[in-house]
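Text of protein_29.pdb (PDB, C-alpha atoms, pLDDT in the B column) as supplied:
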```pdb
ATOM      1  CA  MET A  28      62.075 133.502 -21.012  1.00 66.00           C
ATOM      2  CA  HIS A  29      62.879 135.611 -17.945  1.00 91.00           C
ATOM      3  CA  GLU A  30      64.673 132.908 -15.933  1.00 95.00           C
ATOM      4  CA  LYS A  31      67.789 135.043 -15.437  1.00 96.00           C
ATOM      5  CA  SER A  32      65.750 138.018 -14.212  1.00 97.00           C
ATOM      6  CA  ILE A  33      63.850 135.786 -11.779  1.00 97.00           C
ATOM      7  CA  GLU A  34      67.162 134.401 -10.485  1.00 97.00           C
ATOM      8  CA  LEU A  35      68.568 137.905  -9.948  1.00 98.00           C
ATOM      9  CA  LEU A  36      65.353 139.179  -8.383  1.00 98.00           C
ATOM     10  CA  ASN A  37      65.418 136.259  -5.926  1.00 98.00           C
ATOM     11  CA  LYS A  38      69.061 137.010  -5.078  1.00 98.00           C
ATOM     12  CA  ALA A  39      67.927 140.541  -4.292  1.00 98.00           C
ATOM     13  CA  VAL A  40      65.074 139.192  -2.130  1.00 98.00           C
ATOM     14  CA  ALA A  41      67.634 137.193  -0.117  1.00 97.00           C
ATOM     15  CA  ASP A  42      69.859 140.257   0.205  1.00 97.00           C
ATOM     16  CA  GLU A  43      66.974 142.457   1.332  1.00 98.00           C
ATOM     17  CA  LEU A  44      65.664 139.879   3.830  1.00 98.00           C
ATOM     18  CA  SER A  45      69.148 139.641   5.355  1.00 98.00           C
ATOM     19  CA  ALA A  46      69.248 143.423   5.615  1.00 98.00           C
ATOM     20  CA  VAL A  47      65.844 143.499   7.339  1.00 98.00           C
ATOM     21  CA  HIS A  48      67.042 141.006   9.950  1.00 98.00           C
ATOM     22  CA  GLN A  49      70.373 142.770  10.464  1.00 98.00           C
ATOM     23  CA  TYR A  50      68.899 146.242  10.761  1.00 98.00           C
ATOM     24  CA  MET A  51      66.180 145.118  13.160  1.00 98.00           C
ATOM     25  CA  TYR A  52      68.870 143.473  15.299  1.00 98.00           C
ATOM     26  CA  PHE A  53      70.761 146.795  15.299  1.00 98.00           C
ATOM     27  CA  HIS A  54      67.525 148.656  16.063  1.00 97.00           C
ATOM     28  CA  PHE A  55      66.875 146.469  19.133  1.00 97.00           C
ATOM     29  CA  HIS A  56      70.390 146.987  20.481  1.00 97.00           C
ATOM     30  CA  CYS A  57      70.499 150.738  19.840  1.00 95.00           C
ATOM     31  CA  ASP A  58      67.103 151.094  21.477  1.00 93.00           C
ATOM     32  CA  ASP A  59      68.293 149.050  24.460  1.00 93.00           C
ATOM     33  CA  GLN A  60      71.357 151.287  24.799  1.00 91.00           C
ATOM     34  CA  GLY A  61      69.249 154.461  24.672  1.00 90.00           C
ATOM     35  CA  TYR A  62      70.370 155.631  21.222  1.00 92.00           C
ATOM     36  CA  ASP A  63      66.941 156.645  19.982  1.00 89.00           C
ATOM     37  CA  LEU A  64      68.037 158.427  16.800  1.00 90.00           C
ATOM     38  CA  LEU A  65      70.147 155.513  15.592  1.00 94.00           C
ATOM     39  CA  ALA A  66      67.510 152.987  16.671  1.00 95.00           C
ATOM     40  CA  GLY A  67      64.966 154.895  14.603  1.00 94.00           C
ATOM     41  CA  LEU A  68      67.288 155.036  11.597  1.00 96.00           C
ATOM     42  CA  PHE A  69      67.863 151.281  11.672  1.00 98.00           C
ATOM     43  CA  LYS A  70      64.139 150.598  12.084  1.00 98.00           C
ATOM     44  CA  ARG A  71      63.159 152.903   9.194  1.00 97.00           C
ATOM     45  CA  THR A  72      65.779 151.306   6.973  1.00 98.00           C
ATOM     46  CA  ALA A  73      64.531 147.812   7.853  1.00 98.00           C
ATOM     47  CA  ILE A  74      61.008 148.842   6.900  1.00 98.00           C
ATOM     48  CA  GLU A  75      62.247 150.245   3.585  1.00 97.00           C
ATOM     49  CA  GLU A  76      64.089 146.989   2.925  1.00 97.00           C
ATOM     50  CA  MET A  77      60.822 145.102   3.598  1.00 98.00           C
ATOM     51  CA  LEU A  78      59.147 147.263   0.989  1.00 98.00           C
ATOM     52  CA  HIS A  79      61.951 146.348  -1.420  1.00 98.00           C
ATOM     53  CA  VAL A  80      61.195 142.659  -0.816  1.00 98.00           C
ATOM     54  CA  GLU A  81      57.557 143.330  -1.653  1.00 98.00           C
ATOM     55  CA  ARG A  82      58.405 145.095  -4.927  1.00 98.00           C
ATOM     56  CA  LEU A  83      60.848 142.356  -5.915  1.00 98.00           C
ATOM     57  CA  ALA A  84      58.326 139.620  -5.080  1.00 98.00           C
ATOM     58  CA  GLU A  85      55.621 141.324  -7.136  1.00 98.00           C
ATOM     59  CA  ARG A  86      57.957 141.414 -10.127  1.00 98.00           C
ATOM     60  CA  ILE A  87      58.949 137.755  -9.693  1.00 98.00           C
ATOM     61  CA  LEU A  88      55.301 136.713  -9.564  1.00 98.00           C
ATOM     62  CA  PHE A  89      54.491 138.820 -12.635  1.00 97.00           C
ATOM     63  CA  LEU A  90      57.254 136.946 -14.477  1.00 97.00           C
ATOM     64  CA  LYS A  91      55.602 133.678 -13.352  1.00 97.00           C
ATOM     65  CA  GLY A  92      58.474 132.823 -11.038  1.00 97.00           C
ATOM     66  CA  GLU A  93      58.548 131.484  -7.500  1.00 97.00           C
ATOM     67  CA  VAL A  94      59.566 133.861  -4.706  1.00 98.00           C
ATOM     68  CA  GLU A  95      62.356 132.236  -2.701  1.00 96.00           C
ATOM     69  CA  MET A  96      62.165 133.567   0.853  1.00 95.00           C
ATOM     70  CA  LYS A  97      65.747 132.729   1.788  1.00 94.00           C
ATOM     71  CA  VAL A  98      68.188 135.019   3.552  1.00 94.00           C
ATOM     72  CA  ALA A  99      71.613 135.628   2.017  1.00 89.00           C
ATOM     73  CA  SER A 100      73.452 135.702   5.352  1.00 91.00           C
ATOM     74  CA  ASP A 101      72.948 135.239   9.052  1.00 95.00           C
ATOM     75  CA  VAL A 102      72.647 138.170  11.441  1.00 96.00           C
ATOM     76  CA  LYS A 103      76.008 139.370  12.713  1.00 97.00           C
ATOM     77  CA  LYS A 104      75.875 139.765  16.501  1.00 98.00           C
ATOM     78  CA  ILE A 105      77.295 143.284  16.814  1.00 97.00           C
ATOM     79  CA  GLN A 106      76.489 145.623  19.711  1.00 93.00           C
ATOM     80  CA  GLU A 107      79.084 148.391  19.210  1.00 94.00           C
ATOM     81  CA  VAL A 108      77.520 151.271  17.292  1.00 95.00           C
ATOM     82  CA  LYS A 109      80.612 152.057  15.220  1.00 95.00           C
ATOM     83  CA  ASP A 110      80.818 148.425  14.089  1.00 97.00           C
ATOM     84  CA  MET A 111      77.076 148.451  13.294  1.00 97.00           C
ATOM     85  CA  LEU A 112      77.486 151.510  11.109  1.00 97.00           C
ATOM     86  CA  GLU A 113      80.579 150.141   9.367  1.00 97.00           C
ATOM     87  CA  LEU A 114      78.767 146.911   8.508  1.00 98.00           C
ATOM     88  CA  SER A 115      75.742 148.909   7.313  1.00 98.00           C
ATOM     89  CA  VAL A 116      77.922 151.011   4.996  1.00 98.00           C
ATOM     90  CA  LYS A 117      79.466 147.820   3.606  1.00 98.00           C
ATOM     91  CA  MET A 118      76.064 146.160   3.103  1.00 98.00           C
ATOM     92  CA  GLU A 119      74.605 149.169   1.297  1.00 98.00           C
ATOM     93  CA  THR A 120      77.701 149.550  -0.897  1.00 98.00           C
ATOM     94  CA  GLU A 121      77.534 145.892  -1.932  1.00 98.00           C
ATOM     95  CA  SER A 122      73.791 146.057  -2.625  1.00 97.00           C
ATOM     96  CA  ALA A 123      74.141 149.166  -4.790  1.00 98.00           C
ATOM     97  CA  ARG A 124      77.008 147.542  -6.720  1.00 98.00           C
ATOM     98  CA  ASP A 125      75.098 144.289  -7.243  1.00 98.00           C
ATOM     99  CA  TYR A 126      71.873 146.015  -8.249  1.00 98.00           C
ATOM    100  CA  ASN A 127      73.725 148.150 -10.799  1.00 98.00           C
ATOM    101  CA  LEU A 128      75.239 145.024 -12.334  1.00 98.00           C
ATOM    102  CA  TRP A 129      71.926 143.179 -12.259  1.00 98.00           C
ATOM    103  CA  ALA A 130      70.121 146.113 -13.888  1.00 98.00           C
ATOM    104  CA  ASN A 131      72.561 145.864 -16.780  1.00 97.00           C
ATOM    105  CA  GLU A 132      72.106 142.109 -16.969  1.00 97.00           C
ATOM    106  CA  CYS A 133      68.312 142.473 -17.083  1.00 96.00           C
ATOM    107  CA  ALA A 134      68.674 145.063 -19.852  1.00 95.00           C
ATOM    108  CA  SER A 135      70.832 142.689 -21.881  1.00 95.00           C
ATOM    109  CA  ASN A 136      68.049 140.086 -21.518  1.00 94.00           C
ATOM    110  CA  ALA A 137      65.386 142.519 -22.786  1.00 94.00           C
ATOM    111  CA  ASP A 138      63.736 142.984 -19.376  1.00 96.00           C
ATOM    112  CA  SER A 139      63.541 146.751 -18.999  1.00 96.00           C
ATOM    113  CA  VAL A 140      61.036 146.650 -16.129  1.00 98.00           C
ATOM    114  CA  SER A 141      63.327 144.558 -13.903  1.00 98.00           C
ATOM    115  CA  LYS A 142      66.198 146.806 -15.005  1.00 98.00           C
ATOM    116  CA  LYS A 143      64.276 149.869 -13.815  1.00 98.00           C
ATOM    117  CA  LEU A 144      63.350 148.163 -10.533  1.00 98.00           C
ATOM    118  CA  PHE A 145      67.030 147.481  -9.826  1.00 98.00           C
ATOM    119  CA  GLU A 146      67.921 151.061 -10.773  1.00 98.00           C
ATOM    120  CA  ASP A 147      65.273 152.372  -8.372  1.00 98.00           C
ATOM    121  CA  LEU A 148      66.635 150.139  -5.611  1.00 98.00           C
ATOM    122  CA  VAL A 149      70.136 151.548  -6.206  1.00 98.00           C
ATOM    123  CA  ILE A 150      68.793 155.033  -5.427  1.00 97.00           C
ATOM    124  CA  ASP A 151      67.472 153.819  -2.056  1.00 97.00           C
ATOM    125  CA  GLU A 152      70.621 151.836  -1.228  1.00 97.00           C
ATOM    126  CA  GLU A 153      72.833 154.840  -1.994  1.00 97.00           C
ATOM    127  CA  ARG A 154      70.643 157.007   0.271  1.00 97.00           C
ATOM    128  CA  HIS A 155      70.977 154.406   3.045  1.00 97.00           C
ATOM    129  CA  PHE A 156      74.744 154.357   2.494  1.00 97.00           C
ATOM    130  CA  ASP A 157      74.841 158.142   2.807  1.00 96.00           C
ATOM    131  CA  GLN A 158      72.845 158.085   6.057  1.00 96.00           C
ATOM    132  CA  TYR A 159      75.123 155.491   7.667  1.00 97.00           C
ATOM    133  CA  ASP A 160      78.258 157.160   6.336  1.00 97.00           C
ATOM    134  CA  THR A 161      77.096 160.480   7.833  1.00 95.00           C
ATOM    135  CA  GLU A 162      76.551 158.788  11.202  1.00 94.00           C
ATOM    136  CA  LEU A 163      80.082 157.339  11.052  1.00 95.00           C
ATOM    137  CA  GLU A 164      81.445 160.804  10.255  1.00 94.00           C
ATOM    138  CA  ASN A 165      79.527 162.249  13.215  1.00 92.00           C
ATOM    139  CA  MET A 166      81.000 159.613  15.516  1.00 92.00           C
ATOM    140  CA  ALA A 167      84.503 160.358  14.228  1.00 93.00           C
ATOM    141  CA  LYS A 168      83.957 164.111  14.604  1.00 92.00           C
ATOM    142  CA  PHE A 169      82.244 164.139  18.010  1.00 89.00           C
ATOM    143  CA  GLY A 170      83.475 160.865  19.544  1.00 84.00           C
ATOM    144  CA  ASP A 171      81.636 159.309  22.466  1.00 78.00           C
ATOM    145  CA  SER A 172      79.842 162.616  23.052  1.00 84.00           C
ATOM    146  CA  TYR A 173      77.730 161.908  19.983  1.00 87.00           C
ATOM    147  CA  LEU A 174      76.220 158.771  21.531  1.00 86.00           C
ATOM    148  CA  ALA A 175      76.030 160.345  24.983  1.00 82.00           C
ATOM    149  CA  LEU A 176      73.838 163.138  23.597  1.00 80.00           C
ATOM    150  CA  GLN A 177      71.358 160.567  22.301  1.00 77.00           C
ATOM    151  CA  SER A 178      71.204 158.877  25.717  1.00 75.00           C
ATOM    152  CA  ILE A 179      70.769 162.213  27.488  1.00 73.00           C
ATOM    153  CA  GLU A 180      67.915 163.143  25.136  1.00 70.00           C
ATOM    154  CA  ARG A 181      66.109 159.916  26.027  1.00 68.00           C
ATOM    155  CA  SER A 182      66.625 160.539  29.731  1.00 66.00           C
ATOM    156  CA  LYS A 183      65.219 164.068  29.399  1.00 67.00           C
ATOM    157  CA  ASN A 184      62.151 162.740  27.596  1.00 68.00           C
ATOM    158  CA  LEU A 185      61.586 160.026  30.203  1.00 66.00           C
ATOM    159  CA  ALA A 186      62.027 162.486  33.077  1.00 70.00           C
ATOM    160  CA  ALA A 187      59.495 164.863  31.512  1.00 70.00           C
ATOM    161  CA  GLY A 188      56.883 162.156  31.906  1.00 72.00           C
ATOM    162  CA  PRO A 189      54.069 160.974  29.633  1.00 72.00           C
ATOM    163  CA  GLY A 190      52.282 163.478  27.445  1.00 65.00           C
ATOM    164  CA  THR A 191      55.177 165.929  27.304  1.00 56.00           C
ATOM    165  CA  VAL A 192      57.664 166.473  24.542  1.00 52.00           C
TER
END
```

Would you put the structure from the file into C-alpha coordinates?
Amino acid sequence: MHEKSIELLNKAVADELSAVHQYMYFHFHCDDQGYDLLAGLFKRTAIEEMLHVERLAERILFLKGEVEMKVASDVKKIQEVKDMLELSVKMETESARDYNLWANECASNADSVSKKLFEDLVIDEERHFDQYDTELENMAKFGDSYLALQSIERSKNLAAGPGTV
(Lines of atoms letter the chains of each structure in order from A and count residues from 1; the text may use other names and numbers.)
(Lines give C-alpha, C1' and ligand atoms only; values in the text may rest on other atoms or scores of the structure.)
Protein backbone atom coordinates (compact mmCIF):
# COMPACT_ATOMS: atom_id res chain seq x y z
CA MET A 1 0.00 0.00 0.00
CA HIS A 2 2.86 2.40 0.78
CA GLU A 3 5.26 1.22 -1.95
CA LYS A 4 5.69 4.72 -3.38
CA SER A 5 6.46 6.20 0.05
CA ILE A 6 9.01 3.45 0.73
CA GLU A 7 10.64 4.15 -2.65
CA LEU A 8 10.87 7.88 -1.91
CA LEU A 9 12.09 7.32 1.63
CA ASN A 10 14.86 5.05 0.30
CA LYS A 11 15.83 7.70 -2.27
CA ALA A 12 16.15 10.10 0.64
CA VAL A 13 18.28 7.57 2.56
CA ALA A 14 20.65 7.39 -0.44
CA ASP A 15 20.76 11.19 -0.64
CA GLU A 16 21.46 11.55 3.07
CA LEU A 17 24.15 8.83 3.07
CA SER A 18 25.89 10.61 0.19
CA ALA A 19 25.74 13.85 2.14
CA VAL A 20 27.24 12.19 5.23
CA HIS A 21 30.18 10.90 3.18
CA GLN A 22 30.69 14.21 1.37
CA TYR A 23 30.51 16.35 4.49
CA MET A 24 32.86 14.09 6.44
CA TYR A 25 35.32 14.29 3.54
CA PHE A 26 35.06 18.10 3.71
CA HIS A 27 35.42 17.97 7.50
CA PHE A 28 38.67 15.97 7.22
CA HIS A 29 40.16 18.38 4.69
CA CYS A 30 39.11 21.55 6.52
CA ASP A 31 40.50 20.12 9.74
CA ASP A 32 43.76 19.23 7.98
CA GLN A 33 44.02 22.79 6.63
CA GLY A 34 43.42 24.31 10.07
CA TYR A 35 39.94 25.68 9.38
CA ASP A 36 38.39 24.61 12.66
CA LEU A 37 35.10 26.50 12.34
CA LEU A 38 34.35 25.11 8.89
CA ALA A 39 35.55 21.64 9.88
CA GLY A 40 33.13 21.74 12.81
CA LEU A 41 30.27 22.92 10.60
CA PHE A 42 30.80 20.08 8.13
CA LYS A 43 31.06 17.53 10.95
CA ARG A 44 27.88 18.76 12.68
CA THR A 45 26.01 18.69 9.39
CA ALA A 46 27.20 15.14 8.68
CA ILE A 47 25.93 14.04 12.08
CA GLU A 48 22.56 15.68 11.42
CA GLU A 49 22.37 13.90 8.07
CA MET A 50 23.06 10.60 9.89
CA LEU A 51 20.13 11.35 12.16
CA HIS A 52 18.01 11.94 9.06
CA VAL A 53 18.97 8.47 7.80
CA GLU A 54 17.85 7.02 11.12
CA ARG A 55 14.46 8.76 10.99
CA LEU A 56 13.93 7.71 7.38
CA ALA A 57 14.91 4.11 8.13
CA GLU A 58 12.52 3.95 11.09
CA ARG A 59 9.68 5.10 8.85
CA ILE A 60 10.58 2.59 6.12
CA LEU A 61 10.61 -0.24 8.64
CA PHE A 62 7.28 0.90 10.11
CA LEU A 63 5.82 0.70 6.59
CA LYS A 64 7.20 -2.87 6.37
CA GLY A 65 9.76 -1.89 3.75
CA GLU A 66 13.42 -2.76 3.36
CA VAL A 67 15.99 -0.04 4.07
CA GLU A 68 18.32 0.22 1.08
CA MET A 69 21.69 1.46 2.34
CA LYS A 70 22.92 2.75 -1.02
CA VAL A 71 24.56 6.09 -1.66
CA ALA A 72 23.17 8.36 -4.38
CA SER A 73 26.58 9.62 -5.52
CA ASP A 74 30.27 9.19 -4.94
CA VAL A 75 32.30 11.63 -2.87
CA LYS A 76 33.62 14.53 -4.92
CA LYS A 77 37.33 15.03 -4.19
CA ILE A 78 37.33 18.77 -3.48
CA GLN A 79 39.90 20.48 -1.24
CA GLU A 80 39.25 24.17 -2.01
CA VAL A 81 36.94 25.63 0.63
CA LYS A 82 34.97 27.83 -1.78
CA ASP A 83 34.27 24.82 -4.00
CA MET A 84 33.26 22.77 -0.93
CA LEU A 85 30.77 25.43 0.11
CA GLU A 86 29.38 25.84 -3.41
CA LEU A 87 28.78 22.09 -3.69
CA SER A 88 27.19 22.07 -0.22
CA VAL A 89 24.79 24.86 -1.19
CA LYS A 90 23.85 22.93 -4.33
CA MET A 91 23.34 19.67 -2.41
CA GLU A 92 21.13 21.30 0.22
CA THR A 93 19.09 23.15 -2.42
CA GLU A 94 18.46 19.92 -4.33
CA SER A 95 17.54 18.00 -1.18
CA ALA A 96 15.06 20.67 -0.06
CA ARG A 97 13.50 20.73 -3.54
CA ASP A 98 13.23 16.94 -3.72
CA TYR A 99 11.85 16.58 -0.20
CA ASN A 100 9.19 19.22 -0.90
CA LEU A 101 8.10 17.31 -4.00
CA TRP A 102 8.19 13.98 -2.19
CA ALA A 103 6.14 15.37 0.71
CA ASN A 104 3.44 16.30 -1.78
CA GLU A 105 3.64 12.89 -3.42
CA CYS A 106 3.27 11.14 -0.05
CA ALA A 107 0.26 13.34 0.72
CA SER A 108 -1.37 12.38 -2.57
CA ASN A 109 -0.88 8.72 -1.58
CA ALA A 110 -2.56 9.25 1.81
CA ASP A 111 0.67 8.96 3.82
CA SER A 112 0.62 12.04 6.02
CA VAL A 113 3.33 10.79 8.39
CA SER A 114 5.90 10.40 5.59
CA LYS A 115 4.73 13.77 4.26
CA LYS A 116 5.46 15.38 7.63
CA LEU A 117 8.85 13.65 7.86
CA PHE A 118 9.84 15.11 4.48
CA GLU A 119 8.56 18.54 5.53
CA ASP A 120 10.64 18.36 8.71
CA LEU A 121 13.70 17.39 6.68
CA VAL A 122 13.16 20.42 4.42
CA ILE A 123 13.47 22.67 7.49
CA ASP A 124 16.87 21.15 8.32
CA GLU A 125 18.10 21.24 4.71
CA GLU A 126 17.13 24.90 4.36
CA ARG A 127 19.01 25.68 7.60
CA HIS A 128 22.07 23.85 6.24
CA PHE A 129 21.75 25.81 2.99
CA ASP A 130 21.65 29.06 4.95
CA GLN A 131 24.76 28.13 6.95
CA TYR A 132 26.78 27.28 3.83
CA ASP A 133 25.46 30.29 1.94
CA THR A 134 26.51 32.55 4.84
CA GLU A 135 30.01 31.04 4.77
CA LEU A 136 30.22 31.72 1.02
CA GLU A 137 29.13 35.31 1.63
CA ASN A 138 31.79 35.68 4.33
CA MET A 139 34.45 34.40 1.94
CA ALA A 140 33.30 36.83 -0.75
CA LYS A 141 33.22 39.72 1.74
CA PHE A 142 36.50 39.03 3.57
CA GLY A 143 38.46 37.04 0.96
CA ASP A 144 41.42 34.92 2.00
CA SER A 145 41.53 36.77 5.33
CA TYR A 146 38.44 34.84 6.39
CA LEU A 147 40.24 31.49 6.16
CA ALA A 148 43.48 32.92 7.53
CA LEU A 149 41.66 34.00 10.71
CA GLN A 150 40.52 30.43 11.29
CA SER A 151 44.08 29.14 10.89
CA ILE A 152 45.45 31.81 13.22
CA GLU A 153 42.84 30.91 15.86
CA ARG A 154 43.98 27.28 15.76
CA SER A 155 47.62 28.31 16.06
CA LYS A 156 46.81 30.50 19.08
CA ASN A 157 44.99 27.62 20.75
CA LEU A 158 47.85 25.19 20.07
CA ALA A 159 50.45 27.68 21.32
CA ALA A 160 48.49 28.21 24.54
CA GLY A 161 49.03 24.55 25.34
CA PRO A 162 46.74 21.90 26.83
CA GLY A 163 44.18 22.91 29.42
CA THR A 164 43.94 26.52 28.27
CA VAL A 165 41.29 28.14 26.17

| message | Please enumerate the residues selected by the PyMOL selection byres ((chain A and resi 79) around 12) when evaluated against the supplied file, formatted as a ChimeraX atom specification. | response | /A:36-37,39-47,72-78,80-86,122,144-145,147-152

Expressed in Å, the length from atom CA of A:Leu90 to atom CA of A:Leu35 is 12.2 Å

_Give me the residues near A:Asp63 as a VMD selection string, where near means some atom within 7 Å (using all atoms listed in the file) and where sequence neighbours in that chain fewer than 4 positions away do not count._
chain A and resid 57 to 58 67 177 181

Expressed in Å, the length from atom CA of A:Met96 to atom CA of A:Asp157 is 27.7 Å

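This file, filtered with the PyMOL selection byres ((chain A and resi 52) around 9), gives the residues Val47, His48, Gln49, Tyr50, Met51, Phe53, His54, Phe55, His56, Cys57, Phe69, Val102, Lys103, Lys104 and Ile105 of chain A.
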
Across A:Asp160, A:Asp138, A:Glu107, A:Glu119, the smallest distance to A:Tyr62, with all atoms listed in the file counted, is shown by A:Glu107

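For the atom pair formed by atom CA of A:Glu95 and atom CA of A:His29, the distance is 15.6 Å, given to one decimal.
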
Taking all atoms of stretch 171-180 of chain A that the file lists, what box with edges along x, y and z, padded by 8 Å per side, do you get, with centre and edge lengths in Å to one decimal, as AutoDock Vina command-line options?
```
--center_x 74.8 --center_y 161.0 --center_z 23.7 --size_x 29.7 --size_y 20.4 --size_z 23.5
```

Quiz prompt | Contacts of stretch 163-171 of chain A at 8 Å (only C-alpha atoms; same-chain gap of 4+ positions) as number ranges by chain | solution = A: 109, 112-113, 159, 175

Selection from above, C-alpha atoms, as a tab-separated table (two decimals), in the frame of the given file, can you write it?
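Result went into again-v2.tsv, see below:
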```
chain	number	residue	atom	x	y	z
A	109	LYS	CA	80.61	152.06	15.22
A	112	LEU	CA	77.49	151.51	11.11
A	113	GLU	CA	80.58	150.14	9.37
A	159	TYR	CA	75.12	155.49	7.67
A	175	ALA	CA	76.03	160.34	24.98
```

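Restricting the calculation to all atoms listed in the file, the smallest distance between A:Ile87 and any of A:Glu180, A:Asp59, A:Glu153, A:Glu34 is found for A:Glu34.
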
task: Given the file shown, enumerate the residues that the PyMOL selection byres ((chain A and resi 126-130) around 7) captures and present them as a ChimeraX atom specification.
output: /A:35,122-125,131-134,141-143,145-146,149

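You can rank A:Thr120, A:Ser139, A:Gln60, A:Gln106 by their closest distance to A:Phe156 using only C-alpha atoms, and at the top of that list sits A:Thr120.
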
Counting all atoms listed in the file, the residue among A:Ile33, A:Val94, A:Ala137, A:Leu64 that lies closest to A:Leu176 is A:Leu64

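The nearest approach to A:Glu162 among the residues A:Ala187, A:Val98, A:Leu88, A:Val116, with only C-alpha atoms taken into account, belongs to A:Val116.
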